[in-house]
Every structure is written in structure tokens, then in C-alpha cells.
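model_15.txt (compact mmCIF, C-alpha atoms and all ligand atoms) appears below.
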```txt
# COMPACT_ATOMS: atom_id res chain seq x y z
CA MET L 1 -16.55 15.70 29.02
CA GLU L 2 -18.75 13.64 26.70
CA LYS L 3 -17.05 11.31 24.24
CA GLU L 4 -17.50 13.65 21.25
CA THR L 5 -15.79 16.44 23.21
CA LYS L 6 -13.00 14.12 24.39
CA CYS L 7 -12.28 13.25 20.73
CA ILE L 8 -11.45 16.92 20.18
CA HIS L 9 -9.98 18.08 23.48
CA ALA L 10 -8.68 15.21 25.64
CA GLY L 11 -4.96 14.59 26.02
CA TYR L 12 -3.64 18.07 25.24
CA THR L 13 -4.55 21.49 26.57
CA PRO L 14 -2.44 24.25 25.03
CA LYS L 15 -1.28 27.00 27.37
CA ASN L 16 -1.34 30.67 26.49
CA GLY L 17 0.16 31.18 23.03
CA GLU L 18 0.91 27.50 22.38
CA SER L 19 -0.04 25.59 19.23
CA ARG L 20 -3.70 24.57 18.98
CA MET L 21 -2.72 21.24 17.40
CA ILE L 22 -0.53 18.81 19.30
CA PRO L 23 3.14 19.47 18.60
CA ILE L 24 5.09 16.78 16.76
CA ILE L 25 8.18 16.27 18.92
CA GLN L 26 10.32 14.83 16.15
CA SER L 27 13.33 14.13 18.32
CA THR L 28 15.01 10.90 19.35
CA THR L 29 16.55 12.44 22.41
CA PHE L 30 15.95 14.96 25.20
CA LYS L 31 18.42 17.29 26.91
CA TYR L 32 19.04 17.60 30.67
CA ASP L 33 21.02 20.11 32.73
CA THR L 34 22.69 17.58 35.01
CA SER L 35 23.46 13.87 35.07
CA GLU L 36 21.52 13.68 38.33
CA ASP L 37 18.36 14.94 36.58
CA MET L 38 18.73 12.25 33.96
CA GLY L 39 19.62 9.59 36.51
CA LYS L 40 16.26 10.10 38.23
CA LEU L 41 14.50 9.27 34.96
CA PHE L 42 16.50 6.08 34.51
CA ASP L 43 15.59 5.03 38.05
CA LEU L 44 11.90 5.82 37.37
CA GLU L 45 12.15 8.29 40.27
CA ALA L 46 10.96 11.16 38.07
CA SER L 47 8.77 11.13 34.98
CA GLY L 48 10.12 12.62 31.79
CA TYR L 49 11.58 11.74 28.42
CA PHE L 50 15.04 10.62 27.47
CA TYR L 51 14.83 8.47 24.35
CA THR L 52 11.99 8.04 21.84
CA ARG L 53 12.45 4.24 21.66
CA LEU L 54 10.65 4.16 25.03
CA GLN L 55 8.43 7.24 25.17
CA ASN L 56 7.70 10.41 23.24
CA PRO L 57 5.56 13.41 24.32
CA THR L 58 3.48 13.48 21.10
CA ASN L 59 2.64 9.80 21.50
CA ASP L 60 1.72 10.33 25.14
CA MET L 61 -0.72 13.15 24.31
CA VAL L 62 -2.51 10.89 21.84
CA ALA L 63 -2.43 7.91 24.22
CA ALA L 64 -3.96 10.18 26.89
CA LYS L 65 -6.85 11.02 24.52
CA ILE L 66 -7.58 7.32 23.87
CA THR L 67 -7.23 6.60 27.61
CA ALA L 68 -9.83 9.31 28.34
CA LEU L 69 -12.17 7.88 25.69
CA GLU L 70 -11.88 4.37 27.17
CA GLY L 71 -12.17 5.61 30.78
CA GLY L 72 -8.77 4.19 31.74
CA THR L 73 -6.01 5.35 34.08
CA ALA L 74 -2.94 5.03 31.81
CA GLY L 75 -2.19 4.28 28.17
CA MET L 76 0.54 3.96 25.60
CA LEU L 77 0.83 3.86 21.81
CA THR L 78 2.58 1.06 19.96
CA SER L 79 3.79 0.75 16.37
CA SER L 80 0.90 -1.54 15.40
CA GLY L 81 -2.11 -3.43 16.72
CA GLN L 82 0.00 -6.59 16.64
CA ALA L 83 2.55 -4.97 18.97
CA ALA L 84 -0.27 -3.82 21.28
CA ASN L 85 -1.69 -7.33 21.66
CA PHE L 86 1.78 -8.86 22.06
CA PHE L 87 2.76 -6.34 24.76
CA ALA L 88 -0.57 -6.56 26.59
CA THR L 89 -0.33 -10.34 26.93
CA PHE L 90 3.44 -10.67 27.34
CA ASN L 91 3.35 -8.07 30.13
CA VAL L 92 1.57 -10.61 32.37
CA ALA L 93 2.54 -13.99 30.87
CA THR L 94 5.99 -15.46 30.24
CA ALA L 95 7.46 -18.88 29.41
CA GLY L 96 5.56 -21.58 31.28
CA ASP L 97 2.37 -19.52 31.56
CA HIS L 98 -1.03 -20.00 29.94
CA ILE L 99 -3.69 -17.69 28.47
CA VAL L 100 -7.38 -18.40 27.76
CA SER L 101 -8.46 -16.72 24.51
CA SER L 102 -11.60 -16.45 22.47
CA SER L 103 -11.18 -18.44 19.24
CA SER L 104 -13.08 -15.75 17.36
CA ILE L 105 -10.28 -13.21 16.94
CA TYR L 106 -8.35 -11.44 14.19
CA GLY L 107 -6.23 -13.87 12.12
CA GLY L 108 -3.01 -11.97 12.85
CA THR L 109 -3.64 -12.19 16.60
CA PHE L 110 -4.46 -15.90 16.33
CA ASN L 111 -1.14 -16.46 14.57
CA LEU L 112 0.75 -14.34 17.14
CA PHE L 113 -0.74 -16.43 19.97
CA ASN L 114 -0.90 -19.88 18.40
CA VAL L 115 2.48 -19.88 16.63
CA THR L 116 4.86 -17.15 17.75
CA MET L 117 4.01 -16.87 21.45
CA ARG L 118 3.83 -20.67 21.72
CA LYS L 119 7.45 -20.68 20.49
CA MET L 120 8.20 -18.39 23.45
CA GLY L 121 6.79 -21.03 25.79
CA ILE L 122 3.34 -19.53 26.41
CA ASP L 123 0.42 -21.91 26.11
CA PHE L 124 -3.05 -20.93 24.87
CA THR L 125 -6.51 -22.46 25.13
CA PHE L 126 -8.93 -21.16 22.49
CA LEU L 127 -12.63 -21.19 23.35
CA SER L 128 -15.73 -20.24 21.42
CA PRO L 129 -16.95 -16.78 22.51
CA ASP L 130 -20.30 -18.51 23.14
CA SER L 131 -18.81 -20.90 25.74
CA THR L 132 -20.82 -21.30 28.94
CA ASP L 133 -19.40 -20.06 32.25
CA ASP L 134 -18.58 -23.66 33.20
CA GLU L 135 -16.79 -24.28 29.92
CA ILE L 136 -14.72 -21.14 30.50
CA ARG L 137 -13.99 -22.14 34.12
CA ALA L 138 -12.81 -25.58 32.97
CA ALA L 139 -10.14 -24.00 30.75
CA PHE L 140 -8.26 -22.38 33.66
CA LYS L 141 -5.00 -23.90 34.88
CA PRO L 142 -2.84 -22.93 37.87
CA ASN L 143 -0.52 -21.08 35.42
CA THR L 144 -3.28 -19.12 33.62
CA LYS L 145 -2.41 -15.40 33.61
CA ALA L 146 -5.01 -13.69 31.41
CA VAL L 147 -8.19 -13.99 29.36
CA PHE L 148 -8.39 -12.41 25.88
CA GLY L 149 -11.27 -11.57 23.54
CA GLU L 150 -12.45 -9.06 20.88
CA THR L 151 -15.53 -6.91 21.55
CA LEU L 152 -16.59 -7.34 17.93
CA ALA L 153 -14.45 -9.97 16.24
CA ASN L 154 -12.68 -9.28 12.94
CA PRO L 155 -13.92 -10.73 10.60
CA ALA L 156 -16.47 -13.14 12.17
CA MET L 157 -18.46 -10.24 13.75
CA THR L 158 -19.22 -12.30 16.86
CA VAL L 159 -20.01 -10.19 19.95
CA PHE L 160 -18.02 -11.02 23.09
CA ASP L 161 -20.02 -11.11 26.33
CA ILE L 162 -17.48 -8.94 28.20
CA GLU L 163 -19.32 -8.76 31.54
CA ARG L 164 -19.71 -12.55 31.77
CA TRP L 165 -16.12 -13.35 30.74
CA ALA L 166 -14.77 -10.65 33.11
CA LYS L 167 -16.56 -12.29 36.02
CA VAL L 168 -15.03 -15.71 35.33
CA ALA L 169 -11.57 -14.18 34.74
CA HIS L 170 -11.79 -12.34 38.09
CA GLU L 171 -13.05 -15.46 39.92
CA ASN L 172 -9.77 -17.00 38.78
CA GLY L 173 -7.66 -14.00 39.78
CA VAL L 174 -6.59 -12.90 36.29
CA PRO L 175 -7.27 -9.80 34.15
CA LEU L 176 -9.49 -9.67 31.08
CA ILE L 177 -7.80 -8.12 28.02
CA ILE L 178 -10.17 -6.83 25.34
CA ASP L 179 -9.26 -5.85 21.78
CA ASN L 180 -11.79 -3.09 21.15
CA THR L 181 -10.64 -2.22 17.60
CA PHE L 182 -13.92 -2.66 15.70
CA ALA L 183 -16.30 -1.18 18.26
CA THR L 184 -14.01 1.73 19.25
CA PRO L 185 -14.67 3.54 22.58
CA ILE L 186 -17.38 5.50 20.76
CA ASN L 187 -19.60 2.42 20.63
CA CYS L 188 -18.33 0.32 23.55
CA ARG L 189 -16.17 0.97 26.58
CA PRO L 190 -15.10 -2.50 27.81
CA ILE L 191 -13.68 -1.17 31.12
CA GLU L 192 -17.22 -0.18 32.16
CA TRP L 193 -18.20 -3.85 31.71
CA GLY L 194 -15.32 -5.25 33.78
CA ALA L 195 -12.42 -5.50 31.30
CA ASP L 196 -9.04 -4.67 32.82
CA ILE L 197 -6.86 -3.92 29.80
CA VAL L 198 -8.07 -2.62 26.41
CA THR L 199 -6.07 -2.82 23.18
CA HIS L 200 -6.55 -1.32 19.73
CA SER L 201 -5.28 -1.54 16.23
CA THR L 202 -5.47 2.23 15.68
CA THR L 203 -4.85 1.43 12.00
CA LYS L 204 -8.59 0.84 11.64
CA TYR L 205 -11.36 3.29 12.61
CA MET L 206 -9.21 5.43 14.92
CA ASP L 207 -6.88 6.52 12.12
CA GLY L 208 -9.73 5.90 9.74
CA HIS L 209 -8.11 7.22 6.56
CA ASP L 210 -5.72 4.46 5.37
CA ALA L 211 -2.84 6.66 6.55
CA THR L 212 -0.92 5.05 9.42
CA VAL L 213 -0.40 1.68 11.10
CA GLY L 214 -0.54 1.87 14.89
CA GLY L 215 -1.73 0.39 18.16
CA CYS L 216 -2.68 1.37 21.68
CA ILE L 217 -2.95 -0.21 25.14
CA VAL L 218 -5.13 1.26 27.90
CA ASP L 219 -5.20 0.13 31.54
CA GLY L 220 -8.53 0.33 33.36
CA GLY L 221 -6.62 0.59 36.64
CA LYS L 222 -8.99 -1.68 38.61
CA PHE L 223 -7.11 -4.95 38.68
CA ASP L 224 -5.53 -5.52 42.09
CA TRP L 225 -2.14 -7.01 41.17
CA MET L 226 -0.92 -7.32 44.76
CA ALA L 227 -4.01 -9.35 45.72
CA HIS L 228 -2.72 -11.95 43.22
CA ALA L 229 0.99 -11.31 43.74
CA ASP L 230 1.89 -15.01 43.37
CA LYS L 231 0.56 -15.00 39.78
CA PHE L 232 2.22 -11.76 38.69
CA PRO L 233 5.82 -11.68 39.94
CA GLY L 234 6.74 -9.29 37.09
CA LEU L 235 4.48 -6.63 38.60
CA CYS L 236 4.67 -7.57 42.27
CA THR L 237 8.35 -8.33 42.94
CA PRO L 238 11.36 -6.02 42.53
CA ASP L 239 12.65 -5.34 38.98
CA GLU L 240 16.43 -5.60 39.25
CA SER L 241 16.85 -3.69 35.97
CA TYR L 242 15.32 -0.66 37.76
CA HIS L 243 17.19 -0.85 41.07
CA GLY L 244 14.63 -3.11 42.62
CA ILE L 245 11.44 -1.08 42.26
CA THR L 246 8.17 -3.01 42.45
CA TYR L 247 5.73 -1.70 39.84
CA ALA L 248 2.52 -2.56 41.71
CA THR L 249 3.58 -0.79 44.91
CA LYS L 250 5.38 2.17 43.33
CA PHE L 251 2.79 2.98 40.64
CA GLY L 252 -0.36 1.44 42.13
CA ASN L 253 -3.15 -0.38 40.31
CA GLY L 254 -3.66 2.61 38.01
CA GLY L 255 -0.11 2.89 36.71
CA ALA L 256 1.78 -0.39 37.24
CA PHE L 257 0.78 -2.18 34.02
CA ILE L 258 1.62 0.60 31.56
CA THR L 259 4.80 1.62 33.42
CA LYS L 260 6.12 -1.95 33.27
CA CYS L 261 5.05 -2.26 29.64
CA THR L 262 6.96 0.93 28.76
CA ALA L 263 9.97 0.41 30.99
CA GLN L 264 10.58 -3.23 30.06
CA LEU L 265 8.84 -4.18 26.82
CA MET L 266 9.15 -0.90 24.92
CA ARG L 267 12.75 -0.59 26.13
CA ASP L 268 13.62 -4.10 24.94
CA PHE L 269 11.44 -4.52 21.83
CA GLY L 270 11.27 -0.88 20.73
CA SER L 271 7.91 -1.10 18.93
CA ILE L 272 7.23 2.61 19.34
CA GLN L 273 4.87 4.55 17.10
CA ALA L 274 6.60 7.34 15.14
CA PRO L 275 5.56 10.76 16.57
CA MET L 276 4.47 11.85 13.08
CA ASN L 277 2.13 8.84 12.90
CA ALA L 278 0.76 9.70 16.34
CA TYR L 279 -0.04 13.17 14.98
CA PHE L 280 -1.99 11.64 12.07
CA LEU L 281 -3.75 9.29 14.47
CA ASN L 282 -4.81 12.31 16.52
CA LEU L 283 -6.34 13.89 13.41
CA GLY L 284 -8.35 10.72 12.90
CA LEU L 285 -9.45 10.67 16.55
CA GLU L 286 -10.82 14.21 16.30
CA SER L 287 -13.54 13.01 13.92
CA LEU L 288 -13.93 9.47 15.32
CA ALA L 289 -17.32 10.06 16.96
CA VAL L 290 -18.95 11.55 13.85
CA ARG L 291 -17.36 8.99 11.56
CA MET L 292 -18.51 6.03 13.70
CA GLU L 293 -22.05 7.38 13.68
CA ARG L 294 -22.00 7.46 9.86
CA HIS L 295 -20.26 4.07 9.55
CA CYS L 296 -23.00 2.49 11.69
CA LYS L 297 -25.83 4.24 9.85
CA ASN L 298 -24.43 3.25 6.45
CA GLY L 299 -23.55 -0.27 7.64
CA GLN L 300 -27.08 -0.83 8.92
CA ALA L 301 -28.65 0.43 5.67
CA VAL L 302 -26.35 -1.71 3.52
CA ALA L 303 -26.97 -4.81 5.67
CA GLU L 304 -30.74 -4.30 5.40
CA PHE L 305 -30.48 -3.77 1.63
CA LEU L 306 -28.43 -6.96 1.20
CA GLU L 307 -30.76 -8.99 3.43
CA SER L 308 -33.73 -8.03 1.24
CA HIS L 309 -31.98 -8.68 -2.10
CA PRO L 310 -33.06 -11.87 -3.93
CA GLN L 311 -29.48 -12.69 -5.09
CA VAL L 312 -28.10 -12.63 -1.53
CA ALA L 313 -27.98 -15.97 0.31
CA TRP L 314 -27.01 -14.71 3.77
CA VAL L 315 -25.86 -11.57 5.63
CA ASN L 316 -23.83 -11.37 8.85
CA TYR L 317 -24.22 -8.02 10.65
CA PRO L 318 -24.96 -7.85 14.41
CA GLY L 319 -27.22 -4.84 13.86
CA LEU L 320 -29.76 -7.04 12.02
CA LYS L 321 -32.60 -8.41 14.14
CA SER L 322 -32.09 -11.81 12.48
CA ASN L 323 -28.47 -11.95 13.71
CA LYS L 324 -27.44 -14.43 16.42
CA TYR L 325 -25.63 -11.65 18.29
CA TYR L 326 -28.33 -8.97 17.98
CA ALA L 327 -29.23 -9.00 21.70
CA LEU L 328 -25.60 -8.88 22.85
CA ALA L 329 -24.87 -6.12 20.34
CA GLN L 330 -27.80 -4.11 21.75
CA LYS L 331 -26.42 -4.57 25.27
CA TYR L 332 -22.80 -3.61 24.57
CA MET L 333 -23.20 -1.34 21.53
CA PRO L 334 -26.65 0.27 21.70
CA ASP L 335 -25.58 3.11 19.37
CA GLY L 336 -24.39 0.70 16.65
CA THR L 337 -21.59 -1.78 16.05
CA CYS L 338 -19.43 -0.74 13.08
CA GLY L 339 -19.43 -0.66 9.27
CA VAL L 340 -18.23 -4.19 8.52
CA VAL L 341 -20.79 -6.50 6.91
CA SER L 342 -20.13 -9.96 5.50
CA PHE L 343 -22.45 -11.79 3.09
CA GLY L 344 -22.70 -14.58 0.54
CA LEU L 345 -24.40 -14.71 -2.85
CA LYS L 346 -26.79 -17.41 -4.05
CA GLY L 347 -24.41 -18.40 -6.87
CA GLY L 348 -21.59 -19.07 -4.37
CA ARG L 349 -17.95 -18.53 -5.27
CA LYS L 350 -18.56 -17.97 -9.02
CA ALA L 351 -21.21 -15.33 -8.35
CA ALA L 352 -18.89 -13.61 -5.87
CA GLU L 353 -16.14 -13.42 -8.50
CA ALA L 354 -18.49 -11.92 -11.10
CA PHE L 355 -19.92 -9.46 -8.56
CA MET L 356 -16.47 -8.21 -7.47
CA LYS L 357 -15.52 -7.44 -11.09
CA LYS L 358 -18.48 -5.09 -11.55
CA LEU L 359 -17.96 -2.84 -8.49
CA LYS L 360 -17.09 0.81 -9.11
CA VAL L 361 -17.32 2.64 -5.76
CA ALA L 362 -16.19 -0.12 -3.39
CA ILE L 363 -12.45 -0.63 -3.78
CA ILE L 364 -10.85 -4.08 -3.55
CA ALA L 365 -8.49 -4.00 -0.57
CA THR L 366 -7.44 -6.22 2.33
CA HIS L 367 -8.04 -3.30 4.68
CA VAL L 368 -11.20 -2.71 6.73
CA ALA L 369 -12.67 -0.11 9.05
CA ASP L 370 -11.87 2.97 7.05
CA ALA L 371 -13.56 6.02 5.48
CA HIS L 372 -13.40 4.43 2.01
CA THR L 373 -15.81 1.58 1.30
CA CYS L 374 -13.65 -1.46 0.64
CA ILE L 375 -14.40 -5.04 -0.17
CA LEU L 376 -12.62 -8.38 -0.19
CA HIS L 377 -13.42 -11.87 -1.40
CA PRO L 378 -11.09 -13.81 0.95
CA ALA L 379 -11.31 -17.12 -0.98
CA ASN L 380 -9.72 -15.32 -3.93
CA ALA L 381 -7.30 -13.17 -1.95
CA THR L 382 -6.09 -13.60 1.65
CA HIS L 383 -7.31 -17.24 1.85
CA ARG L 384 -6.68 -18.38 -1.75
CA GLN L 385 -4.29 -21.19 -0.75
CA LEU L 386 -7.06 -22.99 1.16
CA SER L 387 -9.32 -25.75 -0.16
CA GLU L 388 -13.14 -25.51 0.04
CA GLU L 389 -13.07 -27.72 3.17
CA GLU L 390 -10.33 -25.68 4.84
CA LEU L 391 -12.21 -22.46 4.07
CA ILE L 392 -15.32 -23.79 5.83
CA ALA L 393 -13.24 -25.03 8.78
CA CYS L 394 -11.77 -21.56 9.42
CA GLY L 395 -15.16 -19.85 9.16
CA VAL L 396 -14.52 -18.20 5.80
CA PRO L 397 -16.68 -20.10 3.27
CA SER L 398 -15.75 -19.62 -0.39
CA ASP L 399 -18.79 -17.44 -1.05
CA LEU L 400 -18.02 -15.00 1.83
CA ILE L 401 -17.59 -11.38 0.79
CA ARG L 402 -16.37 -8.93 3.44
CA LEU L 403 -17.60 -5.41 2.91
CA SER L 404 -16.30 -2.53 5.01
CA VAL L 405 -18.86 0.21 4.58
CA GLY L 406 -17.31 3.67 4.47
CA ILE L 407 -18.69 7.14 5.07
CA GLU L 408 -19.63 8.02 1.48
CA ASN L 409 -23.27 8.81 0.72
CA VAL L 410 -25.08 5.52 1.34
CA ASN L 411 -27.06 5.85 -1.90
CA ASP L 412 -23.81 5.62 -3.87
CA ILE L 413 -22.70 2.54 -1.92
CA ILE L 414 -26.05 0.75 -2.28
CA GLY L 415 -26.30 1.87 -5.93
CA ASP L 416 -22.90 0.30 -6.61
CA LEU L 417 -23.90 -3.00 -4.93
CA LYS L 418 -27.23 -3.00 -6.78
CA GLN L 419 -25.66 -2.61 -10.24
CA ALA L 420 -23.00 -5.22 -9.46
CA LEU L 421 -25.64 -7.71 -8.26
CA GLY L 422 -27.24 -7.24 -11.69
C1 LIG V 501 -6.02 -5.21 12.29
C2 LIG V 501 -6.26 -5.77 13.62
C3 LIG V 501 -5.20 -6.07 14.48
C4 LIG V 501 -3.75 -5.91 14.07
O1 LIG V 501 -3.47 -4.56 13.91
P1 LIG V 501 -2.31 -3.96 13.00
O2 LIG V 501 -2.40 -2.50 13.26
O3 LIG V 501 -2.60 -4.36 11.59
O4 LIG V 501 -1.03 -4.56 13.48
C5 LIG V 501 -5.50 -6.54 15.75
N1 LIG V 501 -6.77 -6.72 16.14
C6 LIG V 501 -7.81 -6.45 15.33
C7 LIG V 501 -9.20 -6.68 15.82
C8 LIG V 501 -7.61 -5.96 14.05
O5 LIG V 501 -8.65 -5.70 13.25
```

Representation of the structure as C-alpha cells:
Amino acid sequence: MEKETKCIHAGYTPKNGESRMIPIIQSTTFKYDTSEDMGKLFDLEASGYFYTRLQNPTNDMVAAKITALEGGTAGMLTSSGQAANFFATFNVATAGDHIVSSSSIYGGTFNLFNVTMRKMGIDFTFLSPDSTDDEIRAAFKPNTKAVFGETLANPAMTVFDIERWAKVAHENGVPLIIDNTFATPINCRPIEWGADIVTHSTTKYMDGHDATVGGCIVDGGKFDWMAHADKFPGLCTPDESYHGITYATKFGNGGAFITKCTAQLMRDFGSIQAPMNAYFLNLGLESLAVRMERHCKNGQAVAEFLESHPQVAWVNYPGLKSNKYYALAQKYMPDGTCGVVSFGLKGGRKAAEAFMKKLKVAIIATHVADAHTCILHPANATHRQLSEEELIACGVPSDLIRLSVGIENVNDIIGDLKQALG
């Protein structure tokens, strides 16, 4: 199936007389005829459901759709993108371990890594996504367990050279984890470029309608855990909490990562997505391919309009030929990147404030990657505690306006920007 068809059909095939839409299994628990039947589930000897804190059939149908879109072997939903990135990294790294991460990542992920996971004893080295192969190699330590980056970074819009980073990660015997939230599998499939694990905040384009917070993890199934068994004891030695099964041997390269993530992390942290939210996510996924096409078309037109406007000082959009990441964007996302454009006005912060007040179509919101065009002036909102110098240091200058171009008629979006620019 092509990706547009997978958006509609993957993950659930109704049998004769069954509901066309995925059923919402709104149940915490599942009934069995005998204790022996249930015992097999607890021993991971049989697959099935027993408690929605770990797994739910509705969630699994939706995860299977995203897995098909990404070209993976197994997947799971989580309650949020934050939970997805925490699980994906914590599944391979524990206290005393180290992870190499791109420095150009979502602020929430940076905080998760740099503050909270450090408190859990996991060390991080942050590198520019533009680092040379030798600079990346130099960051590895004997206890390094993974490499992390974002295909298209939120909000810096840097493009991550997945193929190059995957090669260096594999030279060092560790998997590459890619957060593919902004590109979505419609525009980029990181597994095809060598990534091992893909994560998503499904809250963004996948849901696409401001309706539900969620996340997803997909395993590409190619990383050979047993070939690096010394690095990954959690996957390659017996789990005493499951009667001594070894995930990598019992479930193979295609299933070990997600099974461990479900059986241990979901069991213990319980960050499951509500089945009702998974249903809404599935509705969003059905139109993902057509929406992404429109987001990219509108985003490109808006970026070109802004670049040609005399009041605009600069525009950052990887679809513009003038952009530093244009060539990489063409390689990884030839059909378009996404709808997020950032820019600055010639009058700086003051001009940005005046401009924001005049907008009528674009709504002021912290959210991005959604059907509705939304806009944020971080220096006056999410980053308002920071000084001018601190704003520059974290890559969010005081004149930066982040515009998430929606799927309205582009003439209305550009018309709104035009009247607000004055
Ligand atoms: C929003 C976002 C997250 C966090 O996702 P939530 O669903 O808000 O928890 C992670 N990564 C990226 C790239 C994001 O844009």
C-alpha cells in the first residue's frame, strides 16, 4: 500500500459485519476463562490483553497504522510525546549510562534530558546537528547507549542528517532514535535512512486538530541487540520480573524493543494513551497525507511571501532556496517539510508586538503543527522571563515570530499577514 492508502486502511481490517471504524475498547480489564489462560499472558507466553495500563486493543490498532506508515516492525502509543521520548531513551539507557543528542531539539525534550533524566543518573552530550563525523565520534564514551535527534527540529527548523548520524551511531554499536514529529512519515521515513527507533508527539500533525495529546514509538526492527549484548543487558539478559525471559532472543530484533518498553516501562510508569484519544488520533491519521500536502504548499507560499516583504528582516523555512538546510531538506523531505515558518521583522521586538495585535485569522497559541494557523511571539510568551542576551543564547531572538501555517485557504492567511504588516 502507498502511504495515502495506509493512512486510511493500515492497522485495522474489519471482518464481515464488523464496524468500519476502529472500535473504542473502553475497558480497563479483559476477561479469561481460566487462570492458566491469563497466566500465559503474564509470562509473555501468549499475546493478549489483561489491563489497559499496559496495552489496549484500540491503541494497538492505531500504533499499527503509524508503524506501517513508518515502515517499522512494532509500535506502541504513549500518553504524550514527552512519554514517548522518555520511554524510547530509558528503554536502552539507565543510571550510569550516556546518550549523545542533537542540541537542536524541542525545549521539552531538552529539559527531560538535561534536567530530569540527569537526576536519574543518565548523562547527555549535546552536539550541534551540523557537527562533523569526527566531532560526533569524539562524543562517544564506553557507556554511550543511544544517539538522538529530530528530523526537523522544533522550533529551530534545522534538518538532521539522519543517514550520516546513523552511520556513526552504528559504528559505535548503538541505535539512532529519531523524533519525526514535524516531518511525519508522509514527508520523511527515518528508518529508510538508517534510524532504528522513531518517536512522535502525535499531538501535532498526526492528531492535527488541537484535540488530543499523545505520543508514539516505532521500532525499525533492524538493530541487532545481541551483537552488542554487553551494552544492552536490559534486552539481552533474562528479565527476572518475567520468569527470566530474554527479550532479544524471545522476540527477535523486530519485537524486543517494543515488548520490553510495554512490559517494563508501561507496566511501571503507566503512561498509556486513553483508548478514546487513540480513536481521535486515528481520525487525524486518516487525513494526514492530504493535510501535510496542504500544510507544505501553504507553508512554502507564506515563506516566499514573507521573504519578499520589505518589512521582514529574515525568514527561516527549509523549503526556501536561501535556507542553510535547503539541500538536506530536499534529500530527506523532497515532497515538502511542514507548515512551520519562523521570521523576524525589521522593527525588531516592538514591531513584532504591534504585528501580533493586528492579526485576525492567525490565532495566538503556544501550539504548532495543526489545521488552524497559529502564531507565537516567544519573547512575549513562552520565553518572557529571559533577557535579550539569554534569548539570543537559546536561539530565540526577541524579534522571532513562530508561525504554524494551517490548512485554510492560503490567500486568507497571506491576506491576514499583509494587513498586519501594514
Ligand atoms: C511537542 C513535541 C514533543 C512533546 O510532545 P507532547 O505531546 O507535547 O508531550 C516532542 N517532540 C517534538 C518535536 C514536539 O514538537

Residue with smallest distance to Leu152 of chain L - pool L:His98, L:His200, L:Lys358, L:His383, counting all atoms listed in the file: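 Closest residue, counting all atoms listed in the file: L:His200.
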
How would you report the residues lying within 9 Å of ligand LIG 501 (chain V), as a PyMOL selection string, if you count only C-alpha atoms and all ligand atoms? chain L and resi 79-85+105-109+150-155+179-182+199-204+212-215+367-369

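Taking all atoms listed in the file into account, Leu359 of chain L lies nearest to L:Asp412 out of the set L:Asp412, L:Glu70, L:Glu304, L:Asp130.
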
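Between atom CA of Ala169 of chain L and atom CA of Thr94 of chain L the separation is 18.2 Å.
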
Using only C-alpha atoms, determine which residues lie at most 10 Å from Ile66 of chain L, disregarding the query and same-chain residues fewer than 2 positions distant; provide the list as a PyMOL selection string. chain L and resi 6-7+10-11+60-64+68-72+74-77+184-185+200+202+206+216-218+282+285

What gap, in Å, lies between atom CA of Phe113 of chain L and atom CA of Phe86 of chain L?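 Value for the atom CA of Phe113 of chain L-atom CA of Phe86 of chain L distance: 8.2 Å.
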